[in-house]
Amino acid sequence: MSLFSTLDTSYSGLNVSQLQMGTVSQNIANADTEGYTRQRVVTKAKEPSHFVPGDVGAGVETTSITRIHNEYVFGRLRDSSTNLEYNNYSQQTLEGVANLFPDTEGVGLQNDMKNYFDAWNSLASNPTSSATKTDLAQNTITFTNNIKDTRQRVRDTQDALNEQLKTSIDEVNSIGQKIADLNAKIANTESIEHNNANDLRDERDNLELSLAKLLDFSVFKGDMQSDMSIDRNLTDGGTEYYLNISGESFVDGSTFHPLVLDNSGNESAYYSVYHESQDGTRVDIGQKIQGGKIGAILDLRGREIDKDTSYPKDGKIQSYIDSLDVFAKGLIEKTNSVYAASAVDKMDSSLLDLKDDASLVQSDYNFKAGNFDVVMYDNDGNEIGRKTITIDNNTTMDDGSSASIIGQLNSSTDDNNDNNSTNDFDDYFTAVYSTNGHVLSIQPKGTHDYKIAIEDNGTNFAGATGINAFLTGDNASNISLKSDFIDDPTKINAYKNPVDGDNQVANDMLQIQYHDVEFKYSNGLTIEDTPDGFYRNMTGQIATDAENSGRDQETSEAIYNAVYQEQQSISGVNIDEELANLLKYQTAYSANAKVISAIDKMLQDLLSIKQ
């Protein structure tokens, strides 16, 4: 073995120590860089020279620069990040919605409802007072306007979620394209044997974590590669790469398949989410996407768009809107059913989306089988006739038969039991169901001072049709005091019989707050409760949802922190450890340099002897 071979051995040690110090420097410089994975120089002894009596070492060489990464722990970090972001976003949104229902002392819909019924109580005490009627009108307007405003604010939250869905899907596609581009670079770099694209893989992992905050996905990176001789935690992905969203290929190596949003033909402009393959084929994945911000958006906004309403059929925010609508509709129908008993000279219904020959009971309106009475009064408040109208499964508004509503109202019957066929309901009033406007009208015949009222016996006819109504509308978006009463509150009646001083209707309206009202959802679910009880349960559910989301957030945050600490203990940079390594590599560098200096002196001595 020559001095020159020994010089080469020390020189290899010098180079390796220099590379090791450079790697330590890189680790220390990126100690606070989010997503950076610490790196290590892996070395081995060079092939020795074979002599007798034994092999003589030829120095050291670098086999690779490896990042200390555990894919399994990283996968758990990715999953916990997905859950944490889902719960963070849900909590933030639900707490915002809960704040739309303050209901503190003197504030909120509950207080407005109390003032509304208190105004009816005042009218019952002063049934002819114009000032009291004006106060009732104003409290009714305040109450109904605040119902509409609250619903609109909840809808605004839902609309904002829809817009954030678009922004988030755009971000998903941007990340997908970047991952595909990185895959191409990683494949190019690692095509050279023993080359590790450590920084590129870190960059890809960071993109995966960003994507995980948006939605859940699965990723396959080929056969896992492990090397216990380097680090017991080292388990990294291979050279393949497949990322799927909801079972559909999103990134396949360097190929990217985007997600597509579409709201064409949807009046609400609410988006549906599709996966689009290279041949343009689309698959609706809106029902399948889970986790992350987008999963939370879809669960809150709703996933399945109703073709009839153009709004979601599901989703927490939609359920709150539905409950507000059910609350408003139940209150409207009960109020109008009671107020229809107040006698007037003529009646008109709301505009009805109901064909002449359609079954009332089987329609979307809340008609029930049974009967109601149309009562006639004279000017002195005396009842002078009563016609009973029957509703069964076959009853229509006006199919031309005598069993229809119009047929029964206009039939010649002895409504006052006096055996006189000239002084009954059909002699003083006529009923018409207009074919193009779909409005039921009961109008007086000739000149007389008789008035009519409707007393219901469980059919909800007046409530469903809005005939002789106090409130108009059919949900929380359009509930309102009837325009006639807005223009002139003195037209509001407190009486049942048209006699000054009678307060029967005002008393009956006041009693609504104490008795169960039918609140019916579109899916057939019916809840019977007082208006205050239904409203309290609704707002209680909203508050409970917000509270539960807060607890879920705390749990997911604790899990995330635990997994993050585990991942950092494996892949994070420990400054103390790196400084210790730096001293070790610096000492090795100095030692190799001294060997080179010693060999240099020996060579100088050798050359001087020769001279």
# chains A, B, ... in the order shown; residues from 1 in each chain; ligands from 1
>>> residues_around(residues="Gly222 in chain A", least_positions_apart="4", cutoff="12 Å", atoms="only C-alpha atoms", output="JSON, numbers by chain")
{"A": [71, 235, 236, 237, 238, 239, 240, 241, 242, 243, 252, 253]}
>>> residues_around(residues="range 481-483 of chain A", least_positions_apart="5", cutoff="9 Å", atoms="only C-alpha atoms", output="ChimeraX atom specification")
/A:137,140-141,144,469-473,488
>>> write_last_selection(atoms="C-alpha atoms", output="tab-separated table (two decimals), in the first residue's frame")
chain	number	residue	atom	x	y	z
A	137	ALA	CA	-100.23	45.50	13.02
A	140	THR	CA	-97.02	41.60	13.47
A	141	ILE	CA	-94.92	43.37	10.85
A	144	THR	CA	-92.82	38.54	10.36
A	469	ALA	CA	-106.45	35.45	5.95
A	470	PHE	CA	-104.64	37.52	8.56
A	471	LEU	CA	-101.17	36.40	7.44
A	472	THR	CA	-100.02	35.74	3.88
A	473	GLY	CA	-97.25	33.51	2.54
A	488	ASP	CA	-105.33	50.15	7.17
>>> residues_around(residues="Asp284 in chain A", least_positions_apart="5", cutoff="9 Å", atoms="only C-alpha atoms", output="PyMOL selection string")
chain A and resi 272-275
>>> write_last_selection(atoms="C-alpha atoms", output="PDB file, in the first residue's frame")
ATOM      1  CA  SER A 272     -72.750  19.897  -8.065  1.00  0.00           C
ATOM      2  CA  VAL A 273     -69.300  18.247  -8.019  1.00  0.00           C
ATOM      3  CA  TYR A 274     -68.169  15.878 -10.766  1.00  0.00           C
ATOM      4  CA  HIS A 275     -65.053  13.907 -11.631  1.00  0.00           C
TER       5      HIS A 275
END
>>> residues_around(residues="Thr43 in chain A", least_positions_apart="2", cutoff="10 Å", atoms="only C-alpha atoms", output="list in words")
Val16, Gln20, Arg40, Val41, Ala45, Lys46, Val60, Glu61, Thr62, Thr63, Ser64, Ile65 and Ile230 of chain A
>>> atom_distance(atom1="CA of Val219 in chain A", atom2="CA of Thr66 in chain A")
21.7 Å
>>> select_by_dssp(residues="range 310-510 of chain A", states="alpha helix (DSSP H)", output="ChimeraX atom specification")
/A:316-339,405-409,425-428,461-465,483-487,504-510
>>> write_last_selection(atoms="N, CA and C atoms", output="CSV table (one decimal), in the first residue's frame")
chain,number,residue,atom,x,y,z
A,316,LYS,N,-77.1,20.5,7.1
A,316,LYS,CA,-77.5,21.1,8.3
A,316,LYS,C,-78.1,22.5,8.1
A,317,ILE,N,-77.5,23.3,7.3
A,317,ILE,CA,-78.0,24.7,7.1
A,317,ILE,C,-79.4,24.6,6.4
A,318,GLN,N,-79.5,23.7,5.5
A,318,GLN,CA,-80.8,23.6,4.8
A,318,GLN,C,-81.9,23.1,5.8
A,319,SER,N,-81.5,22.2,6.7
A,319,SER,CA,-82.5,21.7,7.7
A,319,SER,C,-82.9,22.9,8.6
A,320,TYR,N,-82.0,23.8,8.9
A,320,TYR,CA,-82.5,25.0,9.7
A,320,TYR,C,-83.4,25.8,8.9
A,321,ILE,N,-83.2,26.0,7.6
A,321,ILE,CA,-84.1,26.8,6.8
A,321,ILE,C,-85.4,26.1,6.7
A,322,ASP,N,-85.4,24.8,6.5
A,322,ASP,CA,-86.6,24.0,6.4
A,322,ASP,C,-87.4,24.1,7.7
A,323,SER,N,-86.7,24.1,8.9
A,323,SER,CA,-87.4,24.2,10.2
A,323,SER,C,-88.1,25.6,10.3
A,324,LEU,N,-87.3,26.6,9.9
A,324,LEU,CA,-87.9,28.0,9.9
A,324,LEU,C,-89.1,28.1,9.0
A,325,ASP,N,-89.1,27.5,7.8
A,325,ASP,CA,-90.2,27.5,6.9
A,325,ASP,C,-91.4,26.7,7.5
A,326,VAL,N,-91.1,25.6,8.2
A,326,VAL,CA,-92.2,24.8,8.8
A,326,VAL,C,-92.8,25.6,9.9
A,327,PHE,N,-91.9,26.3,10.7
A,327,PHE,CA,-92.4,27.1,11.8
A,327,PHE,C,-93.4,28.2,11.3
A,328,ALA,N,-92.9,28.9,10.2
A,328,ALA,CA,-93.7,30.0,9.7
A,328,ALA,C,-95.0,29.5,9.1
A,329,LYS,N,-94.9,28.4,8.3
A,329,LYS,CA,-96.1,27.8,7.7
A,329,LYS,C,-97.1,27.4,8.7
A,330,GLY,N,-96.7,26.7,9.7
A,330,GLY,CA,-97.6,26.2,10.8
A,330,GLY,C,-98.3,27.4,11.5
A,331,LEU,N,-97.5,28.4,11.7
A,331,LEU,CA,-98.1,29.6,12.4
A,331,LEU,C,-99.1,30.3,11.4
A,332,ILE,N,-98.7,30.4,10.1
A,332,ILE,CA,-99.6,31.1,9.2
A,332,ILE,C,-100.9,30.3,9.1
A,333,GLU,N,-100.8,29.0,8.9
A,333,GLU,CA,-102.1,28.2,8.7
A,333,GLU,C,-103.0,28.2,10.0
A,334,LYS,N,-102.3,28.1,11.1
A,334,LYS,CA,-103.2,28.1,12.4
A,334,LYS,C,-103.8,29.5,12.6
A,335,THR,N,-103.0,30.5,12.3
A,335,THR,CA,-103.5,31.9,12.5
A,335,THR,C,-104.7,32.1,11.5
A,336,ASN,N,-104.5,31.7,10.3
A,336,ASN,CA,-105.6,32.0,9.3
A,336,ASN,C,-106.8,31.1,9.5
A,337,SER,N,-106.5,29.9,10.0
A,337,SER,CA,-107.7,29.0,10.3
A,337,SER,C,-108.6,29.6,11.4
A,338,VAL,N,-107.9,30.3,12.4
A,338,VAL,CA,-108.6,30.9,13.5
A,338,VAL,C,-109.3,32.2,13.0
A,339,TYR,N,-108.5,33.0,12.3
A,339,TYR,CA,-109.0,34.3,11.8
A,339,TYR,C,-110.2,34.2,10.8
A,405,ILE,N,-115.6,21.3,-3.8
A,405,ILE,CA,-115.8,22.5,-2.9
A,405,ILE,C,-116.8,23.5,-3.5
A,406,ILE,N,-116.6,23.8,-4.8
A,406,ILE,CA,-117.5,24.8,-5.5
A,406,ILE,C,-118.9,24.2,-5.6
A,407,GLY,N,-119.0,22.9,-5.9
A,407,GLY,CA,-120.3,22.2,-6.1
A,407,GLY,C,-121.0,22.3,-4.7
A,408,GLN,N,-120.4,22.0,-3.6
A,408,GLN,CA,-121.0,22.0,-2.3
A,408,GLN,C,-121.4,23.4,-1.9
A,409,LEU,N,-120.5,24.4,-2.1
A,409,LEU,CA,-120.8,25.8,-1.7
A,409,LEU,C,-122.0,26.3,-2.5
A,425,PHE,N,-127.6,30.0,1.9
A,425,PHE,CA,-126.3,30.5,1.5
A,425,PHE,C,-126.2,30.8,0.0
A,426,ASP,N,-126.7,29.8,-0.8
A,426,ASP,CA,-126.6,30.0,-2.3
A,426,ASP,C,-127.5,31.1,-2.8
A,427,ASP,N,-128.4,31.6,-2.0
A,427,ASP,CA,-129.2,32.7,-2.4
A,427,ASP,C,-128.5,34.1,-2.2
A,428,TYR,N,-127.6,34.1,-1.3
A,428,TYR,CA,-126.9,35.3,-0.9
A,428,TYR,C,-125.4,35.4,-1.4
A,461,PHE,N,-109.0,23.9,6.1
A,461,PHE,CA,-109.3,24.4,4.8
A,461,PHE,C,-108.9,25.9,4.7
A,462,ALA,N,-109.3,26.7,5.7
A,462,ALA,CA,-108.9,28.1,5.6
A,462,ALA,C,-107.4,28.3,5.8
A,463,GLY,N,-106.8,27.5,6.6
A,463,GLY,CA,-105.3,27.7,6.7
A,463,GLY,C,-104.6,27.3,5.5
A,464,ALA,N,-105.0,26.3,4.8
A,464,ALA,CA,-104.3,25.8,3.6
A,464,ALA,C,-104.6,26.7,2.4
A,465,THR,N,-105.8,27.3,2.3
A,465,THR,CA,-106.1,28.2,1.2
A,465,THR,C,-105.8,29.6,1.4
A,483,SER,N,-101.8,42.6,3.2
A,483,SER,CA,-101.6,44.0,2.8
A,483,SER,C,-102.7,44.9,3.2
A,484,ASP,N,-103.9,44.4,3.2
A,484,ASP,CA,-105.1,45.2,3.6
A,484,ASP,C,-104.9,45.8,5.0
A,485,PHE,N,-104.3,45.0,5.9
A,485,PHE,CA,-104.1,45.4,7.3
A,485,PHE,C,-102.9,46.3,7.4
A,486,ILE,N,-101.9,46.1,6.5
A,486,ILE,CA,-100.8,47.0,6.5
A,486,ILE,C,-101.2,48.4,6.2
A,487,ASP,N,-102.0,48.5,5.1
A,487,ASP,CA,-102.5,49.8,4.6
A,487,ASP,C,-103.5,50.4,5.6
A,504,GLN,N,-114.1,37.5,20.4
A,504,GLN,CA,-113.9,36.0,20.4
A,504,GLN,C,-112.7,35.6,19.6
A,505,VAL,N,-112.6,36.2,18.4
A,505,VAL,CA,-111.4,35.9,17.5
A,505,VAL,C,-110.1,36.3,18.1
A,506,ALA,N,-110.1,37.5,18.7
A,506,ALA,CA,-108.9,38.0,19.4
A,506,ALA,C,-108.5,37.0,20.5
A,507,ASN,N,-109.5,36.6,21.3
A,507,ASN,CA,-109.2,35.6,22.4
A,507,ASN,C,-108.7,34.3,21.8
A,508,ASP,N,-109.3,33.8,20.7
A,508,ASP,CA,-108.9,32.6,20.1
A,508,ASP,C,-107.4,32.7,19.5
A,509,MET,N,-107.1,33.9,19.0
A,509,MET,CA,-105.8,34.1,18.4
A,509,MET,C,-104.8,34.1,19.6
A,510,LEU,N,-105.2,34.7,20.7
A,510,LEU,CA,-104.3,34.7,21.9
A,510,LEU,C,-104.0,33.3,22.4
>>> select_by_dssp(residues="range 23-192 of chain A", states="strand (DSSP E)", output="list in words")
Gln39, Arg40, Val41, Val42, Thr43, Lys44, Ala45, Ser49, His50, Asp55, Val56, Val60, Glu61, Thr62, Thr63, Ser64, Ile65, Thr66 and Arg67 of chain A
>>> write_last_selection(atoms="C-alpha atoms", output="compact mmCIF listing (two decimals), in the first residue's frame")
# COMPACT_ATOMS: atom_id res chain seq x y z
CA GLN A 39 -31.83 14.30 5.94
CA ARG A 40 -28.93 11.98 6.62
CA VAL A 41 -25.83 11.07 4.61
CA VAL A 42 -25.57 7.30 4.26
CA THR A 43 -22.01 5.99 3.82
CA LYS A 44 -20.21 2.70 3.36
CA ALA A 45 -16.59 1.54 3.15
CA SER A 49 -7.54 -3.65 -1.79
CA HIS A 50 -6.83 -7.35 -1.36
CA ASP A 55 -7.56 -6.53 2.92
CA VAL A 56 -6.53 -2.91 3.17
CA VAL A 60 -15.39 5.74 2.50
CA GLU A 61 -18.04 6.62 -0.05
CA THR A 62 -21.54 8.10 0.04
CA THR A 63 -24.35 5.77 -1.07
CA SER A 64 -27.22 8.26 -0.69
CA ILE A 65 -28.63 11.26 1.07
CA THR A 66 -31.84 9.96 2.64
CA ARG A 67 -34.72 11.76 4.32
>>> residues_around(residues="Phe101 in chain A", least_positions_apart="4", cutoff="9 Å", atoms="only C-alpha atoms", output="list in words")
Val97, Gly108, Leu109, Thr150, Thr539 and Ile542 of chain A
>>> atom_distance(atom1="CA of Asn99 in chain A", atom2="CA of Tyr86 in chain A")
20.1 Å
>>> residues_around(residues="Gln110 in chain A", least_positions_apart="4", cutoff="12 Å", atoms="only C-alpha atoms", output="number ranges by chain")
A: 101-106, 114-117, 142-144, 146-147, 513, 531-539
>>> atom_distance(atom1="CA of Ile575 in chain A", atom2="CA of Tyr36 in chain A")
13.6 Å
>>> residues_around(residues="Ser90 in chain A", least_positions_apart="4", cutoff="8 Å", atoms="only C-alpha atoms", output="VMD selection string")
chain A and resid 86 94 296 to 297 300 549
>>> closest_residue(among="A:Met347, A:Leu3, A:Ala403, A:Met113", to="Val595 in chain A", atoms="only C-alpha atoms")
A:Leu3
>>> closest_atom_pairs(of="range 403-515 of chain A", to="range 351-360 of chain A", cutoff="8 Å", atoms="only C-alpha atoms", output="JSON lines")
{"residue": "A:Tyr433", "atom": "CA", "partner": "A:Asp356", "partner_atom": "CA", "distance": 7.7}
{"residue": "A:Thr435", "atom": "CA", "partner": "A:Asp356", "partner_atom": "CA", "distance": 7.2}
{"residue": "A:Gly437", "atom": "CA", "partner": "A:Leu351", "partner_atom": "CA", "distance": 6.7}
{"residue": "A:His438", "atom": "CA", "partner": "A:Leu352", "partner_atom": "CA", "distance": 5.3}
{"residue": "A:Val439", "atom": "CA", "partner": "A:Leu351", "partner_atom": "CA", "distance": 5.2}
{"residue": "A:Thr465", "atom": "CA", "partner": "A:Leu352", "partner_atom": "CA", "distance": 7.1}
>>> decode(residues="range 386-509 of chain A", atoms="C-alpha atoms", output="PDB file, in the first residue's frame")
ATOM      1  CA  ARG A 386    -124.734  27.352   8.365  1.00  0.00           C
ATOM      2  CA  LYS A 387    -123.553  25.239   5.426  1.00  0.00           C
ATOM      3  CA  THR A 388    -121.365  22.224   6.157  1.00  0.00           C
ATOM      4  CA  ILE A 389    -118.716  21.337   3.536  1.00  0.00           C
ATOM      5  CA  THR A 390    -117.194  17.862   3.528  1.00  0.00           C
ATOM      6  CA  ILE A 391    -113.666  16.945   2.384  1.00  0.00           C
ATOM      7  CA  ASP A 392    -112.651  13.346   1.651  1.00  0.00           C
ATOM      8  CA  ASN A 393    -109.940  11.717  -0.455  1.00  0.00           C
ATOM      9  CA  ASN A 394    -111.850  12.442  -3.675  1.00  0.00           C
ATOM     10  CA  THR A 395    -112.835  16.049  -3.018  1.00  0.00           C
ATOM     11  CA  THR A 396    -111.516  18.572  -5.540  1.00  0.00           C
ATOM     12  CA  MET A 397    -111.781  22.329  -5.779  1.00  0.00           C
ATOM     13  CA  ASP A 398    -113.987  22.307  -8.868  1.00  0.00           C
ATOM     14  CA  ASP A 399    -114.145  19.231 -11.083  1.00  0.00           C
ATOM     15  CA  GLY A 400    -117.727  19.998 -12.083  1.00  0.00           C
ATOM     16  CA  SER A 401    -119.269  17.569  -9.608  1.00  0.00           C
ATOM     17  CA  SER A 402    -121.587  18.357  -6.723  1.00  0.00           C
ATOM     18  CA  ALA A 403    -119.028  16.828  -4.340  1.00  0.00           C
ATOM     19  CA  SER A 404    -116.350  19.425  -5.142  1.00  0.00           C
ATOM     20  CA  ILE A 405    -115.831  22.477  -2.931  1.00  0.00           C
ATOM     21  CA  ILE A 406    -117.476  24.767  -5.481  1.00  0.00           C
ATOM     22  CA  GLY A 407    -120.266  22.248  -6.051  1.00  0.00           C
ATOM     23  CA  GLN A 408    -121.030  22.006  -2.335  1.00  0.00           C
ATOM     24  CA  LEU A 409    -120.812  25.760  -1.716  1.00  0.00           C
ATOM     25  CA  ASN A 410    -123.178  26.586  -4.591  1.00  0.00           C
ATOM     26  CA  SER A 411    -125.598  23.723  -3.944  1.00  0.00           C
ATOM     27  CA  SER A 412    -129.159  24.543  -2.931  1.00  0.00           C
ATOM     28  CA  THR A 413    -129.543  23.326   0.655  1.00  0.00           C
ATOM     29  CA  ASP A 414    -131.686  24.373   3.602  1.00  0.00           C
ATOM     30  CA  ASP A 415    -128.876  26.033   5.545  1.00  0.00           C
ATOM     31  CA  ASN A 416    -131.128  27.530   8.261  1.00  0.00           C
ATOM     32  CA  ASN A 417    -133.594  24.652   8.641  1.00  0.00           C
ATOM     33  CA  ASP A 418    -136.644  26.796   7.929  1.00  0.00           C
ATOM     34  CA  ASN A 419    -137.875  24.851   4.886  1.00  0.00           C
ATOM     35  CA  ASN A 420    -137.491  28.019   2.842  1.00  0.00           C
ATOM     36  CA  SER A 421    -135.354  27.581  -0.267  1.00  0.00           C
ATOM     37  CA  THR A 422    -134.957  31.314  -0.937  1.00  0.00           C
ATOM     38  CA  ASN A 423    -132.929  32.459   2.071  1.00  0.00           C
ATOM     39  CA  ASP A 424    -129.978  30.091   2.145  1.00  0.00           C
ATOM     40  CA  PHE A 425    -126.270  30.522   1.463  1.00  0.00           C
ATOM     41  CA  ASP A 426    -126.592  29.956  -2.301  1.00  0.00           C
ATOM     42  CA  ASP A 427    -129.236  32.714  -2.433  1.00  0.00           C
ATOM     43  CA  TYR A 428    -126.909  35.339  -0.935  1.00  0.00           C
ATOM     44  CA  PHE A 429    -123.420  34.184  -1.965  1.00  0.00           C
ATOM     45  CA  THR A 430    -121.714  32.448  -4.870  1.00  0.00           C
ATOM     46  CA  ALA A 431    -118.362  30.637  -4.961  1.00  0.00           C
ATOM     47  CA  VAL A 432    -115.970  30.649  -7.928  1.00  0.00           C
ATOM     48  CA  TYR A 433    -112.577  29.002  -8.461  1.00  0.00           C
ATOM     49  CA  SER A 434    -110.908  30.958 -11.260  1.00  0.00           C
ATOM     50  CA  THR A 435    -109.242  28.699 -13.788  1.00  0.00           C
ATOM     51  CA  ASN A 436    -106.347  30.953 -14.780  1.00  0.00           C
ATOM     52  CA  GLY A 437    -105.621  32.578 -11.406  1.00  0.00           C
ATOM     53  CA  HIS A 438    -106.484  29.615  -9.168  1.00  0.00           C
ATOM     54  CA  VAL A 439    -108.093  31.823  -6.519  1.00  0.00           C
ATOM     55  CA  LEU A 440    -111.166  30.742  -4.571  1.00  0.00           C
ATOM     56  CA  SER A 441    -113.652  33.609  -4.178  1.00  0.00           C
ATOM     57  CA  ILE A 442    -116.897  33.760  -2.236  1.00  0.00           C
ATOM     58  CA  GLN A 443    -118.788  36.859  -3.351  1.00  0.00           C
ATOM     59  CA  PRO A 444    -122.172  38.308  -2.341  1.00  0.00           C
ATOM     60  CA  LYS A 445    -125.203  38.062  -4.663  1.00  0.00           C
ATOM     61  CA  GLY A 446    -127.316  41.175  -4.982  1.00  0.00           C
ATOM     62  CA  THR A 447    -127.666  43.736  -2.239  1.00  0.00           C
ATOM     63  CA  HIS A 448    -127.721  42.643   1.377  1.00  0.00           C
ATOM     64  CA  ASP A 449    -125.798  43.195   4.590  1.00  0.00           C
ATOM     65  CA  TYR A 450    -125.065  39.585   5.468  1.00  0.00           C
ATOM     66  CA  LYS A 451    -121.559  38.457   6.364  1.00  0.00           C
ATOM     67  CA  ILE A 452    -119.875  35.079   6.260  1.00  0.00           C
ATOM     68  CA  ALA A 453    -117.189  33.261   8.256  1.00  0.00           C
ATOM     69  CA  ILE A 454    -115.526  29.844   8.186  1.00  0.00           C
ATOM     70  CA  GLU A 455    -115.395  27.650  11.251  1.00  0.00           C
ATOM     71  CA  ASP A 456    -113.082  24.713  10.775  1.00  0.00           C
ATOM     72  CA  ASN A 457    -113.579  21.262  12.265  1.00  0.00           C
ATOM     73  CA  GLY A 458    -110.133  19.866  11.528  1.00  0.00           C
ATOM     74  CA  THR A 459    -109.810  20.155   7.739  1.00  0.00           C
ATOM     75  CA  ASN A 460    -107.404  23.146   7.834  1.00  0.00           C
ATOM     76  CA  PHE A 461    -109.281  24.447   4.781  1.00  0.00           C
ATOM     77  CA  ALA A 462    -108.909  28.140   5.637  1.00  0.00           C
ATOM     78  CA  GLY A 463    -105.309  27.650   6.743  1.00  0.00           C
ATOM     79  CA  ALA A 464    -104.342  25.815   3.560  1.00  0.00           C
ATOM     80  CA  THR A 465    -106.111  28.168   1.159  1.00  0.00           C
ATOM     81  CA  GLY A 466    -105.461  31.435   3.003  1.00  0.00           C
ATOM     82  CA  ILE A 467    -109.100  32.475   2.541  1.00  0.00           C
ATOM     83  CA  ASN A 468    -110.059  35.440   4.740  1.00  0.00           C
ATOM     84  CA  ALA A 469    -106.450  35.451   5.950  1.00  0.00           C
ATOM     85  CA  PHE A 470    -104.643  37.519   8.557  1.00  0.00           C
ATOM     86  CA  LEU A 471    -101.172  36.405   7.436  1.00  0.00           C
ATOM     87  CA  THR A 472    -100.022  35.743   3.882  1.00  0.00           C
ATOM     88  CA  GLY A 473     -97.250  33.511   2.537  1.00  0.00           C
ATOM     89  CA  ASP A 474     -96.389  29.848   2.877  1.00  0.00           C
ATOM     90  CA  ASN A 475     -92.898  29.848   4.429  1.00  0.00           C
ATOM     91  CA  ALA A 476     -90.393  31.972   6.345  1.00  0.00           C
ATOM     92  CA  SER A 477     -89.261  33.812   3.211  1.00  0.00           C
ATOM     93  CA  ASN A 478     -92.654  35.387   2.440  1.00  0.00           C
ATOM     94  CA  ILE A 479     -94.627  35.421   5.702  1.00  0.00           C
ATOM     95  CA  SER A 480     -96.321  38.795   6.060  1.00  0.00           C
ATOM     96  CA  LEU A 481     -99.278  40.646   7.468  1.00  0.00           C
ATOM     97  CA  LYS A 482    -102.035  40.836   4.866  1.00  0.00           C
ATOM     98  CA  SER A 483    -101.553  43.982   2.775  1.00  0.00           C
ATOM     99  CA  ASP A 484    -105.081  45.238   3.568  1.00  0.00           C
ATOM    100  CA  PHE A 485    -104.143  45.396   7.253  1.00  0.00           C
ATOM    101  CA  ILE A 486    -100.765  46.989   6.549  1.00  0.00           C
ATOM    102  CA  ASP A 487    -102.528  49.774   4.636  1.00  0.00           C
ATOM    103  CA  ASP A 488    -105.334  50.149   7.170  1.00  0.00           C
ATOM    104  CA  PRO A 489    -104.878  48.361  10.545  1.00  0.00           C
ATOM    105  CA  THR A 490    -108.396  49.397  11.622  1.00  0.00           C
ATOM    106  CA  LYS A 491    -109.740  46.697   9.281  1.00  0.00           C
ATOM    107  CA  ILE A 492    -108.416  44.039  11.667  1.00  0.00           C
ATOM    108  CA  ASN A 493    -111.329  42.291  13.391  1.00  0.00           C
ATOM    109  CA  ALA A 494    -111.326  41.192  16.978  1.00  0.00           C
ATOM    110  CA  TYR A 495    -114.818  39.760  16.693  1.00  0.00           C
ATOM    111  CA  LYS A 496    -116.326  36.526  15.526  1.00  0.00           C
ATOM    112  CA  ASN A 497    -119.901  37.790  15.262  1.00  0.00           C
ATOM    113  CA  PRO A 498    -119.917  41.192  13.513  1.00  0.00           C
ATOM    114  CA  VAL A 499    -120.905  43.061  16.652  1.00  0.00           C
ATOM    115  CA  ASP A 500    -118.914  45.848  18.303  1.00  0.00           C
ATOM    116  CA  GLY A 501    -117.453  44.656  21.575  1.00  0.00           C
ATOM    117  CA  ASP A 502    -117.166  40.996  20.563  1.00  0.00           C
ATOM    118  CA  ASN A 503    -113.596  39.773  21.053  1.00  0.00           C
ATOM    119  CA  GLN A 504    -113.925  36.036  20.398  1.00  0.00           C
ATOM    120  CA  VAL A 505    -111.443  35.884  17.506  1.00  0.00           C
ATOM    121  CA  ALA A 506    -108.870  37.989  19.381  1.00  0.00           C
ATOM    122  CA  ASN A 507    -109.191  35.636  22.353  1.00  0.00           C
ATOM    123  CA  ASP A 508    -108.867  32.587  20.089  1.00  0.00           C
ATOM    124  CA  MET A 509    -105.790  34.110  18.445  1.00  0.00           C
TER     125      MET A 509
END
